[in-house]
file target.txt (compact mmCIF, C-alpha atoms)
# COMPACT_ATOMS: atom_id res chain seq x y z
CA MET A 184 -63.67 156.54 159.18
CA PRO A 185 -62.12 158.65 161.99
CA ALA A 186 -58.68 157.77 163.33
CA HIS A 187 -58.48 156.20 166.77
CA GLY A 188 -55.46 155.92 169.06
CA VAL A 189 -54.36 154.18 172.22
CA GLY A 190 -56.24 156.68 174.37
CA ASP A 191 -59.52 155.54 172.81
CA ILE A 192 -59.13 151.90 173.92
CA PRO A 193 -61.44 152.08 177.00
CA ASP A 194 -64.28 153.75 175.08
CA LEU A 195 -63.92 151.35 172.16
CA ILE A 196 -64.15 148.34 174.49
CA ILE A 197 -67.31 149.78 176.07
CA GLN A 198 -68.72 150.15 172.56
CA LEU A 199 -67.67 146.56 171.75
CA LYS A 200 -69.56 145.39 174.84
CA ASN A 201 -72.71 147.51 174.71
CA GLY A 202 -73.16 149.00 171.26
CA THR A 203 -75.40 147.95 168.42
CA MET A 204 -74.04 145.23 166.18
CA THR A 205 -72.81 147.82 163.71
CA GLU A 206 -71.10 149.78 166.51
CA LYS A 207 -69.55 146.60 167.90
CA GLU A 208 -68.13 145.67 164.53
CA LYS A 209 -66.66 149.16 164.06
CA ALA A 210 -65.15 149.08 167.56
CA ALA A 211 -63.57 145.68 166.88
CA GLY A 212 -62.08 147.05 163.68
CA TYR A 213 -60.59 150.07 165.44
CA LEU A 214 -59.12 147.94 168.25
CA ASP A 215 -57.60 145.49 165.77
CA ARG A 216 -56.16 148.40 163.79
CA ILE A 217 -54.53 149.87 166.91
CA LEU A 218 -52.81 146.54 167.59
CA GLN A 219 -51.72 146.01 163.99
CA ALA A 220 -50.56 149.59 163.37
CA HIS A 221 -48.17 149.80 166.31
CA PRO A 222 -46.06 146.61 166.42
CA ALA A 223 -43.56 148.05 168.91
CA GLN A 224 -46.36 148.85 171.37
CA ARG A 225 -48.49 145.81 170.56
CA SER A 226 -47.78 143.96 173.79
CA ASP A 227 -48.51 147.02 175.95
CA ASN A 228 -51.68 147.85 174.01
CA ALA A 229 -52.82 144.24 174.24
CA GLU A 230 -52.35 144.27 178.01
CA THR A 231 -54.33 147.51 178.25
CA MET A 232 -57.16 145.87 176.32
CA VAL A 233 -57.05 142.79 178.55
CA ARG A 234 -57.26 144.95 181.69
CA LYS A 235 -60.30 146.67 180.20
CA ASP A 236 -61.98 143.27 179.60
CA VAL A 237 -61.82 143.03 175.82
CA VAL A 238 -61.63 139.23 175.72
CA VAL A 239 -65.24 138.24 176.38
CA PRO A 240 -66.85 140.67 173.89
CA ALA A 241 -64.18 139.82 171.29
CA VAL A 242 -64.96 136.11 171.63
CA ALA A 243 -68.67 136.93 171.36
CA MET A 244 -67.94 138.79 168.11
CA LEU A 245 -66.37 135.61 166.72
CA LYS A 246 -69.77 133.96 167.06
CA GLU A 247 -72.19 136.71 166.04
CA GLY A 248 -70.36 139.24 163.87
CA ASN A 249 -70.28 139.51 160.10
CA ALA A 250 -67.15 138.53 158.17
CA LYS A 251 -65.44 141.86 158.84
CA GLY A 252 -66.28 141.80 162.54
CA GLN A 253 -65.12 138.22 162.92
CA THR A 254 -61.84 139.04 161.20
CA SER A 255 -61.22 142.00 163.50
CA ALA A 256 -62.13 140.00 166.62
CA ALA A 257 -59.85 137.13 165.59
CA GLY A 258 -57.06 139.64 164.96
CA ILE A 259 -57.50 141.11 168.43
CA LEU A 260 -57.36 137.67 170.03
CA CYS A 261 -54.36 136.66 167.92
CA CYS A 262 -52.36 139.67 169.15
CA ILE A 263 -53.48 139.26 172.76
CA ALA A 264 -52.58 135.57 172.91
CA GLU A 265 -49.23 135.70 171.13
CA GLY A 266 -46.49 134.54 173.50
CA ASN A 267 -48.61 135.17 176.61
CA LYS A 268 -49.83 132.07 178.46
CA THR A 269 -51.89 134.09 180.93
CA ASN A 270 -53.84 135.69 178.10
CA GLN A 271 -54.13 132.37 176.28
CA GLU A 272 -55.81 130.98 179.37
CA LEU A 273 -58.21 133.95 179.47
CA LEU A 274 -59.21 133.32 175.86
CA VAL A 275 -59.88 129.64 176.50
CA LYS A 276 -61.92 130.38 179.63
CA ALA A 277 -63.98 132.81 177.56
CA GLY A 278 -64.83 129.96 175.14
CA CYS A 279 -62.67 130.89 172.15
CA ILE A 280 -61.78 127.41 170.91
CA VAL A 281 -65.00 126.31 169.18
CA PRO A 282 -65.67 129.63 167.39
CA LEU A 283 -62.02 129.91 166.30
CA VAL A 284 -62.13 126.41 164.82
CA SER A 285 -65.43 127.30 163.14
CA LEU A 286 -63.75 130.32 161.54
CA LEU A 287 -60.85 128.14 160.40
CA ARG A 288 -63.37 125.91 158.68
CA SER A 289 -65.74 128.39 157.04
CA GLY A 290 -64.65 131.99 157.67
CA SER A 291 -63.52 134.46 155.05
CA PRO A 292 -59.87 134.14 153.97
CA ASN A 293 -58.87 137.08 156.19
CA ALA A 294 -60.82 135.65 159.14
CA GLN A 295 -59.20 132.25 158.62
CA GLU A 296 -55.75 133.84 158.65
CA GLN A 297 -56.37 135.67 161.92
CA ALA A 298 -58.10 132.67 163.49
CA ALA A 299 -55.13 130.48 162.56
CA GLY A 300 -52.85 132.94 164.32
CA ALA A 301 -54.98 132.80 167.46
CA VAL A 302 -55.11 128.99 167.33
CA ALA A 303 -51.33 128.86 166.90
CA SER A 304 -50.92 130.98 170.03
CA VAL A 305 -53.53 129.18 172.14
CA SER A 306 -52.11 125.79 171.16
CA GLU A 307 -48.74 126.70 172.73
CA ASP A 308 -50.28 125.63 176.05
CA GLU A 309 -50.53 121.85 176.11
CA ARG A 310 -53.63 122.11 178.30
CA ASN A 311 -55.51 123.53 175.30
CA GLN A 312 -54.32 121.07 172.69
CA LYS A 313 -56.80 118.28 173.44
CA ALA A 314 -59.69 120.73 173.32
CA LEU A 315 -58.56 121.98 169.91
CA LEU A 316 -58.28 118.41 168.64
CA ARG A 317 -61.76 117.58 169.95
CA ALA A 318 -63.14 120.68 168.28
CA GLY A 319 -61.86 119.43 164.92
CA ALA A 320 -58.97 121.84 164.36
CA VAL A 321 -56.82 119.45 162.31
CA PRO A 322 -58.68 119.29 158.95
CA PRO A 323 -59.06 123.07 158.49
CA LEU A 324 -55.45 123.68 159.57
CA VAL A 325 -54.25 121.17 156.99
CA GLN A 326 -56.45 122.83 154.38
CA LEU A 327 -54.80 126.17 155.18
CA LEU A 328 -51.39 124.58 154.63
CA LYS A 329 -52.59 123.82 151.12
CA ALA A 330 -54.59 126.88 150.13
CA GLY A 331 -54.24 129.60 152.76
CA SER A 332 -52.43 132.91 152.44
CA SER A 333 -48.72 132.96 153.21
CA ASN A 334 -49.44 134.25 156.73
CA ALA A 335 -52.14 131.64 157.23
CA GLN A 336 -49.67 128.92 156.19
CA VAL A 337 -47.19 130.19 158.78
CA HIS A 338 -49.86 130.18 161.49
CA ALA A 339 -51.19 126.77 160.47
CA SER A 340 -47.67 125.30 160.46
CA ASN A 341 -47.03 126.66 163.95
CA ALA A 342 -50.36 125.31 165.18
CA VAL A 343 -49.60 121.87 163.70
CA ALA A 344 -46.21 121.94 165.45
CA HIS A 345 -47.77 122.77 168.82
CA LEU A 346 -50.51 120.16 168.50
CA SER A 347 -47.97 117.49 167.50
CA ALA A 348 -45.52 117.97 170.35
CA GLY A 349 -45.31 114.74 172.33
CA ASN A 350 -48.76 113.62 171.20
CA LEU A 351 -48.71 110.42 169.13
CA GLN A 352 -52.45 110.49 168.50
CA ALA A 353 -52.32 114.05 167.21
CA GLN A 354 -49.26 113.31 165.06
CA ASN A 355 -51.02 110.40 163.40
CA ALA A 356 -54.24 112.38 162.90
CA ILE A 357 -52.32 115.24 161.28
CA MET A 358 -50.39 112.84 159.05
CA THR A 359 -53.59 111.03 158.06
CA ALA A 360 -55.17 114.38 157.15
CA GLY A 361 -52.43 114.84 154.56
CA ALA A 362 -50.16 117.38 156.24
CA VAL A 363 -46.77 115.81 155.43
CA PRO A 364 -46.59 116.46 151.66
CA LEU A 365 -48.07 119.94 152.12
CA LEU A 366 -45.44 120.86 154.71
CA LEU A 367 -42.70 119.57 152.43
CA VAL A 368 -43.95 121.84 149.66
CA LEU A 369 -43.74 124.79 152.05
CA LEU A 370 -40.11 123.92 152.83
CA ASN A 371 -39.08 124.74 149.29
CA SER A 372 -39.83 128.46 149.23
CA GLY A 373 -41.86 131.26 150.72
CA LYS A 374 -42.61 132.76 154.08
CA ALA A 375 -43.53 129.50 155.84
CA GLN A 376 -40.23 127.64 155.44
CA MET A 377 -39.12 127.99 159.06
CA ALA A 378 -42.55 127.23 160.50
CA ALA A 379 -42.97 124.22 158.20
CA ALA A 380 -39.57 122.82 159.25
CA GLY A 381 -40.62 123.20 162.89
CA ALA A 382 -43.85 121.35 162.16
CA VAL A 383 -41.97 118.51 160.44
CA ALA A 384 -39.73 118.26 163.50
CA ARG A 385 -42.60 118.01 165.97
CA LEU A 386 -44.60 115.63 163.77
CA SER A 387 -41.58 113.31 163.50
CA GLN A 388 -40.80 113.27 167.21
CA SER A 389 -40.63 109.63 168.39
CA ASN A 390 -42.95 108.58 165.54
CA PRO A 391 -41.43 106.06 163.10
CA LYS A 392 -44.50 106.22 160.83
CA VAL A 393 -44.15 109.94 160.30
CA GLN A 394 -40.36 109.67 159.99
CA ALA A 395 -40.81 107.13 157.22
CA ALA A 396 -43.52 109.22 155.52
CA VAL A 397 -41.30 112.30 155.45
CA VAL A 398 -38.41 110.36 153.91
CA GLU A 399 -40.63 108.60 151.38
CA ALA A 400 -42.19 111.90 150.32
CA GLY A 401 -38.76 113.39 149.62
CA GLY A 402 -38.44 115.53 152.72
CA ILE A 403 -34.70 115.16 153.32
CA ALA A 404 -33.50 117.24 150.35
CA PRO A 405 -35.43 120.42 151.17
CA LEU A 406 -34.46 120.17 154.84
CA LEU A 407 -30.80 119.91 153.87
CA SER A 408 -31.19 122.94 151.60
CA LEU A 409 -32.49 124.95 154.56
CA LEU A 410 -29.28 124.28 156.49
CA SER A 411 -27.54 126.71 154.13
CA VAL A 412 -30.05 129.59 154.01
CA THR A 413 -29.23 132.99 155.47
CA SER A 414 -31.81 132.75 158.25
CA VAL A 415 -30.15 131.08 161.24
CA GLU A 416 -33.56 130.46 162.82
CA THR A 417 -34.59 128.48 159.73
CA GLN A 418 -31.32 126.53 159.82
CA VAL A 419 -32.04 125.62 163.44
CA LYS A 420 -35.56 124.36 162.64
CA ALA A 421 -34.23 122.27 159.75
CA ALA A 422 -31.54 120.76 161.97
CA GLU A 423 -34.19 120.04 164.59
CA ALA A 424 -36.26 118.21 161.97
CA LEU A 425 -33.24 116.13 160.93
CA PHE A 426 -32.56 115.39 164.61
CA GLU A 427 -36.09 114.04 165.06
CA LEU A 428 -36.07 112.11 161.78
CA ALA A 429 -32.81 110.36 162.73
CA THR A 430 -33.67 109.55 166.34
CA ASP A 431 -33.59 105.78 166.89
CA ASN A 432 -34.16 105.12 163.18
CA LEU A 433 -31.31 103.48 161.31
CA THR A 434 -33.12 103.78 157.97
CA THR A 435 -33.56 107.53 158.18
CA GLN A 436 -30.03 107.99 159.56
CA THR A 437 -28.65 106.27 156.49
CA ALA A 438 -30.94 108.18 154.13
CA ILE A 439 -29.92 111.56 155.57
CA ALA A 440 -26.22 110.68 155.34
CA LYS A 441 -26.53 109.39 151.77
CA ALA A 442 -28.30 112.61 150.79
CA GLY A 443 -25.25 114.55 151.98
CA GLY A 444 -26.54 115.62 155.38
CA ILE A 445 -23.37 115.27 157.43
CA GLY A 446 -21.37 118.05 155.76
CA PRO A 447 -23.94 120.86 156.19
CA LEU A 448 -24.49 119.91 159.83
CA LEU A 449 -20.75 120.00 160.48
CA ALA A 450 -20.64 123.40 158.79
CA MET A 451 -23.10 124.74 161.38
CA LEU A 452 -20.89 123.84 164.36
CA PRO A 453 -18.75 127.03 164.16
CA SER A 454 -21.86 129.22 163.98
CA ARG A 455 -22.01 132.28 166.24
CA ASN A 456 -25.51 131.23 167.23
CA ILE A 457 -25.46 128.87 170.22
CA THR A 458 -28.82 127.31 169.34
CA ALA A 459 -27.49 126.44 165.89
CA GLN A 460 -24.39 124.91 167.45
CA ALA A 461 -26.43 122.84 169.88
CA GLN A 462 -29.00 121.67 167.34
CA SER A 463 -26.43 120.68 164.72
CA ALA A 464 -24.38 118.77 167.32
CA GLY A 465 -27.55 117.02 168.48
CA ALA A 466 -28.48 116.05 164.93
CA LEU A 467 -24.99 114.67 164.33
CA ALA A 468 -25.32 112.64 167.52
CA GLN A 469 -28.54 111.06 166.31
CA LEU A 470 -27.07 110.33 162.89
CA ALA A 471 -24.11 108.56 164.50
CA ARG A 472 -26.07 106.56 167.07
CA PHE A 473 -25.30 102.84 166.54
CA ASN A 474 -24.41 103.65 162.92
CA LYS A 475 -20.75 102.87 162.22
CA GLU A 476 -20.88 104.07 158.64
CA ASN A 477 -22.04 107.50 159.75
CA GLN A 478 -19.55 107.54 162.63
CA ASP A 479 -16.70 106.95 160.23
CA ALA A 480 -18.04 109.52 157.75
CA MET A 481 -18.11 112.20 160.44
CA ALA A 482 -14.53 111.39 161.43
CA ARG A 483 -13.36 111.47 157.79
CA GLN A 484 -15.07 114.81 157.21
CA GLY A 485 -13.28 116.41 160.15
CA GLY A 486 -16.17 116.46 162.60
CA ILE A 487 -14.27 115.60 165.76
CA PRO A 488 -12.08 118.74 166.25
CA PRO A 489 -14.97 121.25 166.15
CA LEU A 490 -17.02 119.11 168.55
CA VAL A 491 -14.06 118.91 170.95
CA ALA A 492 -13.62 122.69 170.67
CA LEU A 493 -17.25 123.27 171.71
CA LEU A 494 -16.73 121.31 174.95
CA GLY A 495 -14.55 123.99 176.45
CA GLY A 496 -16.05 127.05 174.84
CA VAL A 497 -18.26 129.74 176.29
CA SER A 498 -21.34 128.68 174.37
CA GLY A 499 -23.23 127.36 177.36
CA SER A 500 -24.48 124.12 178.80
CA GLU A 501 -26.78 123.06 175.95
CA VAL A 502 -23.95 123.24 173.41
CA GLN A 503 -21.60 121.36 175.75
CA ALA A 504 -24.19 118.65 176.41
CA MET A 505 -24.97 118.13 172.71
CA SER A 506 -21.27 118.13 171.77
CA ALA A 507 -20.46 115.55 174.45
CA MET A 508 -23.36 113.43 173.25
CA ALA A 509 -22.18 113.66 169.64
CA LEU A 510 -18.66 112.57 170.57
CA MET A 511 -20.11 109.72 172.62
CA GLU A 512 -22.14 108.47 169.66
CA ILE A 513 -19.27 108.89 167.19
CA ALA A 514 -17.04 106.78 169.47
CA ARG A 515 -19.58 104.13 170.49
CA ASN A 516 -18.18 100.65 169.71
CA ASN A 517 -15.66 102.31 167.37
CA MET A 518 -12.04 101.93 168.50
CA ALA A 519 -10.60 104.06 165.70
CA ASN A 520 -12.81 107.00 166.67
CA GLN A 521 -12.14 106.44 170.37
CA SER A 522 -8.45 106.88 169.59
CA LEU A 523 -9.04 109.86 167.31
CA ILE A 524 -11.05 111.73 169.93
CA ALA A 525 -8.33 111.09 172.49
CA ASP A 526 -5.61 112.18 170.06
CA THR A 527 -7.59 115.36 169.35
CA GLY A 528 -7.54 116.21 173.05
CA GLY A 529 -11.11 115.30 173.81
CA ILE A 530 -10.67 113.46 177.11
CA ALA A 531 -9.48 116.40 179.22
CA PRO A 532 -12.39 118.80 178.48
CA ILE A 533 -14.95 116.02 178.93
CA THR A 534 -13.42 115.25 182.34
CA VAL A 535 -13.55 118.95 183.25
CA LEU A 536 -17.26 119.02 182.42
CA LEU A 537 -17.89 115.98 184.61
CA LYS A 538 -16.01 117.51 187.53
CA HIS A 539 -17.05 121.15 187.38
CA GLN A 540 -20.25 121.63 185.37
CA THR A 541 -23.28 122.36 187.54
CA SER A 542 -25.76 121.24 184.88
CA GLU A 543 -26.86 117.66 185.51
CA THR A 544 -27.58 117.22 181.80
CA VAL A 545 -24.04 118.19 180.83
CA ARG A 546 -22.54 115.98 183.52
CA ALA A 547 -24.67 113.03 182.40
CA GLU A 548 -23.56 113.40 178.76
CA ALA A 549 -19.94 113.83 179.86
CA ALA A 550 -20.16 110.68 181.96
CA GLY A 551 -21.59 108.78 179.00
CA ALA A 552 -18.81 110.04 176.75
CA ILE A 553 -16.13 108.97 179.23
CA TRP A 554 -17.71 105.53 179.50
CA VAL A 555 -17.82 105.07 175.72
CA LEU A 556 -14.29 106.40 175.18
CA ALA A 557 -12.88 104.01 177.81
CA GLU A 558 -14.90 100.92 176.94
CA GLY A 559 -12.59 98.29 175.47
CA HIS A 560 -9.82 100.84 174.96
CA PRO A 561 -6.89 100.34 177.43
CA ALA A 562 -5.00 103.50 176.46
CA ASN A 563 -8.05 105.72 176.98
CA LYS A 564 -8.69 104.08 180.36
CA VAL A 565 -5.23 105.14 181.45
CA SER A 566 -5.77 108.67 180.10

call {"tool": "encode", "arguments": {"input": "target.txt", "output": "structure tokens"}}
result
Amino acid sequence: MPAHGVGDIPDLIIQLKNGTMTEKEKAAGYLDRILQAHPAQRSDNAETMVRKDVVVPAVAMLKEGNAKGQTSAAGILCCIAEGNKTNQELLVKAGCIVPLVSLLRSGSPNAQEQAAGAVASVSEDERNQKALLRAGAVPPLVQLLKAGSSNAQVHASNAVAHLSAGNLQAQNAIMTAGAVPLLLVLLNSGKAQMAAAGAVARLSQSNPKVQAAVVEAGGIAPLLSLLSVTSVETQVKAAEALFELATDNLTTQTAIAKAGGIGPLLAMLPSRNITAQAQSAGALAQLARFNKENQDAMARQGGIPPLVALLGGVSGSEVQAMSAMALMEIARNNMANQSLIADTGGIAPITVLLKHQTSETVRAEAAGAIWVLAEGHPANKVS
């Protein structure tokens, strides 16, 4: 098989459009190989292919090619769609959703892996999520969580996360299909840990049924373990999952704290990664919300000084907002913690945020913190 390079892209796309079936399948293979073999140039090569109208014939190959051709076509579409909403829209307009879901269901293992990657990318756009659900994407994605390759499990986890975001119906359908225990298995080891934690977070968002299912299936322990891994991105996803599990759910708040969740989250606050700082502070806020036992545990474990320090740091508005929210929740209806935050020097930086921060979110959280610190506390009112 002769080697082909970037300069051959236009001719290969013409062959993909107009050749015999055998020629089309070879052209798809060469184009996919060009994208896979040059990761640093992948985005530029993908855009060249899009300009030369690769999308429509690649989608057609999903429907009519043999297993090898379908795998190559799905690989092309996966690379083209990754992180590019304009290209995702082109794929959907070309009719990619039904054939991709069909490949997820009955394609070869390699084709399923590439199709899952394309579905994960296309599902980033919420406008495509309902169409994917209607096409029956959930059962084959869940099956890939169980029995797919490691890459397929990553893609399937990401797709589940995208489909779950803010969609109660999709969350329940994914849970009913058996995704929760499979995702928890993926948390324990392997390539899909970060993606699985992200999926658990999105599935649990504002959904008490899923929150309860994750806790009952033993999901807290592996999430807490991920807070201490070397990958900061994985730590962030685990903290995000704990944030969502604890939101407005006293039972899960208590379960996370009893499992030892407060200490590892506090340990993330001094991280050099601002997303890790923000997500851990947010999770602590949710654990403390209307939960005096957790409020007191955070104070005992030294959580207030690092949160106060983040208020005046250079970490940015998201960290400041989450830190102010955490202090607000730690002090809510808790006079001892109101006093402790004041004694730690927390009032002055919160007031500075309220006066001088341009972010409305930060100012809102600062205002809430000031309200809570002053409520029923005469000395703090004077301060």

call {"tool": "closest_residue", "arguments": {"input": "target.txt", "among": "A:Leu428, A:Ser291, A:Leu370, A:Ala442", "to": "Leu409 (chain A)", "atoms": "only C-alpha atoms"}}
result
A:Leu370

call {"tool": "residues_around", "arguments": {"input": "target.txt", "residues": "region 285-289 of chain A", "least_positions_apart": "3", "cutoff": "6 Å", "atoms": "all atoms listed in the file", "output": "PyMOL selection string"}}
result
chain A and resi 282+295+323

call {"tool": "residues_around", "arguments": {"input": "target.txt", "residues": "region 531-537 of chain A", "least_positions_apart": "5", "cutoff": "8 Å", "atoms": "only C-alpha atoms", "output": "list in words"}}
result
Val491, Leu494, Gly495, Ala507, Val545, Arg546, Ala547, Ala549, Ala550, Ala552 and Ile553 of chain A

call {"tool": "closest_residue", "arguments": {"input": "target.txt", "among": "A:Ile403, A:Ile524, A:Leu490, A:Val397", "to": "Ser566 (chain A)", "atoms": "all atoms listed in the file"}}
result
A:Ile524

call {"tool": "residues_around", "arguments": {"input": "target.txt", "residues": "Gly290 (chain A)", "least_positions_apart": "6", "cutoff": "12 Å", "atoms": "all atoms listed in the file", "output": "PDB file with C-alpha atoms, in the frame of the given file"}}
result
ATOM      1  CA  LEU A 245     -66.370 135.610 166.720  1.00  0.00           C
ATOM      2  CA  LYS A 246     -69.770 133.960 167.060  1.00  0.00           C
ATOM      3  CA  GLY A 248     -70.360 139.240 163.870  1.00  0.00           C
ATOM      4  CA  ASN A 249     -70.280 139.510 160.100  1.00  0.00           C
ATOM      5  CA  ALA A 250     -67.150 138.530 158.170  1.00  0.00           C
ATOM      6  CA  LYS A 251     -65.440 141.860 158.840  1.00  0.00           C
ATOM      7  CA  GLY A 252     -66.280 141.800 162.540  1.00  0.00           C
ATOM      8  CA  GLN A 253     -65.120 138.220 162.920  1.00  0.00           C
ATOM      9  CA  THR A 254     -61.840 139.040 161.200  1.00  0.00           C
ATOM     10  CA  ALA A 257     -59.850 137.130 165.590  1.00  0.00           C
ATOM     11  CA  PRO A 282     -65.670 129.630 167.390  1.00  0.00           C
ATOM     12  CA  LEU A 283     -62.020 129.910 166.300  1.00  0.00           C
ATOM     13  CA  VAL A 284     -62.130 126.410 164.820  1.00  0.00           C
ATOM     14  CA  GLU A 296     -55.750 133.840 158.650  1.00  0.00           C
ATOM     15  CA  GLN A 297     -56.370 135.670 161.920  1.00  0.00           C
ATOM     16  CA  ALA A 298     -58.100 132.670 163.490  1.00  0.00           C
ATOM     17  CA  ALA A 299     -55.130 130.480 162.560  1.00  0.00           C
ATOM     18  CA  PRO A 323     -59.060 123.070 158.490  1.00  0.00           C
ATOM     19  CA  LEU A 327     -54.800 126.170 155.180  1.00  0.00           C
ATOM     20  CA  GLY A 331     -54.240 129.600 152.760  1.00  0.00           C
TER      21      GLY A 331
END

call {"tool": "closest_residue", "arguments": {"input": "target.txt", "among": "A:Gly381, A:Pro489, A:Gly529, A:Pro391", "to": "Glu416 (chain A)", "atoms": "all atoms listed in the file"}}
result
A:Gly381

call {"tool": "residues_around", "arguments": {"input": "target.txt", "residues": "Ala459 (chain A)", "least_positions_apart": "3", "cutoff": "9 Å", "atoms": "only C-alpha atoms", "output": "ChimeraX atom specification"}}
result
/A:415-416,418-420,422,451-456,462-464,502

call {"tool": "atom_distance", "arguments": {"input": "target.txt", "atom1": "CA of Asp227 (chain A)", "atom2": "CA of Cys262 (chain A)"}}
result
10.7 Å

call {"tool": "residues_around", "arguments": {"input": "target.txt", "residues": "Ile259 (chain A)", "least_positions_apart": "5", "cutoff": "9 Å", "atoms": "all atoms listed in the file", "output": "compact mmCIF listing (two decimals) with C-alpha atoms, in the frame of the given file"}}
result
# COMPACT_ATOMS: atom_id res chain seq x y z
CA ALA A 211 -63.57 145.68 166.88
CA GLY A 212 -62.08 147.05 163.68
CA LEU A 214 -59.12 147.94 168.25
CA ASP A 215 -57.60 145.49 165.77
CA ARG A 216 -56.16 148.40 163.79
CA LEU A 218 -52.81 146.54 167.59
CA GLN A 219 -51.72 146.01 163.99
CA ALA A 229 -52.82 144.24 174.24
CA VAL A 237 -61.82 143.03 175.82
CA VAL A 238 -61.63 139.23 175.72
CA ALA A 241 -64.18 139.82 171.29
CA THR A 254 -61.84 139.04 161.20
CA ALA A 264 -52.58 135.57 172.91
CA GLN A 297 -56.37 135.67 161.92
CA ALA A 301 -54.98 132.80 167.46

call {"tool": "closest_residue", "arguments": {"input": "target.txt", "among": "A:Leu407, A:Ile487, A:Ala320, A:Ala243", "to": "Val343 (chain A)", "atoms": "all atoms listed in the file"}}
result
A:Ala320

call {"tool": "atom_distance", "arguments": {"input": "target.txt", "atom1": "CA of Met204 (chain A)", "atom2": "CA of Ser255 (chain A)"}}
result
13.5 Å

call {"tool": "atom_distance", "arguments": {"input": "target.txt", "atom1": "CA of Asn201 (chain A)", "atom2": "CA of Gln224 (chain A)"}}
result
26.6 Å
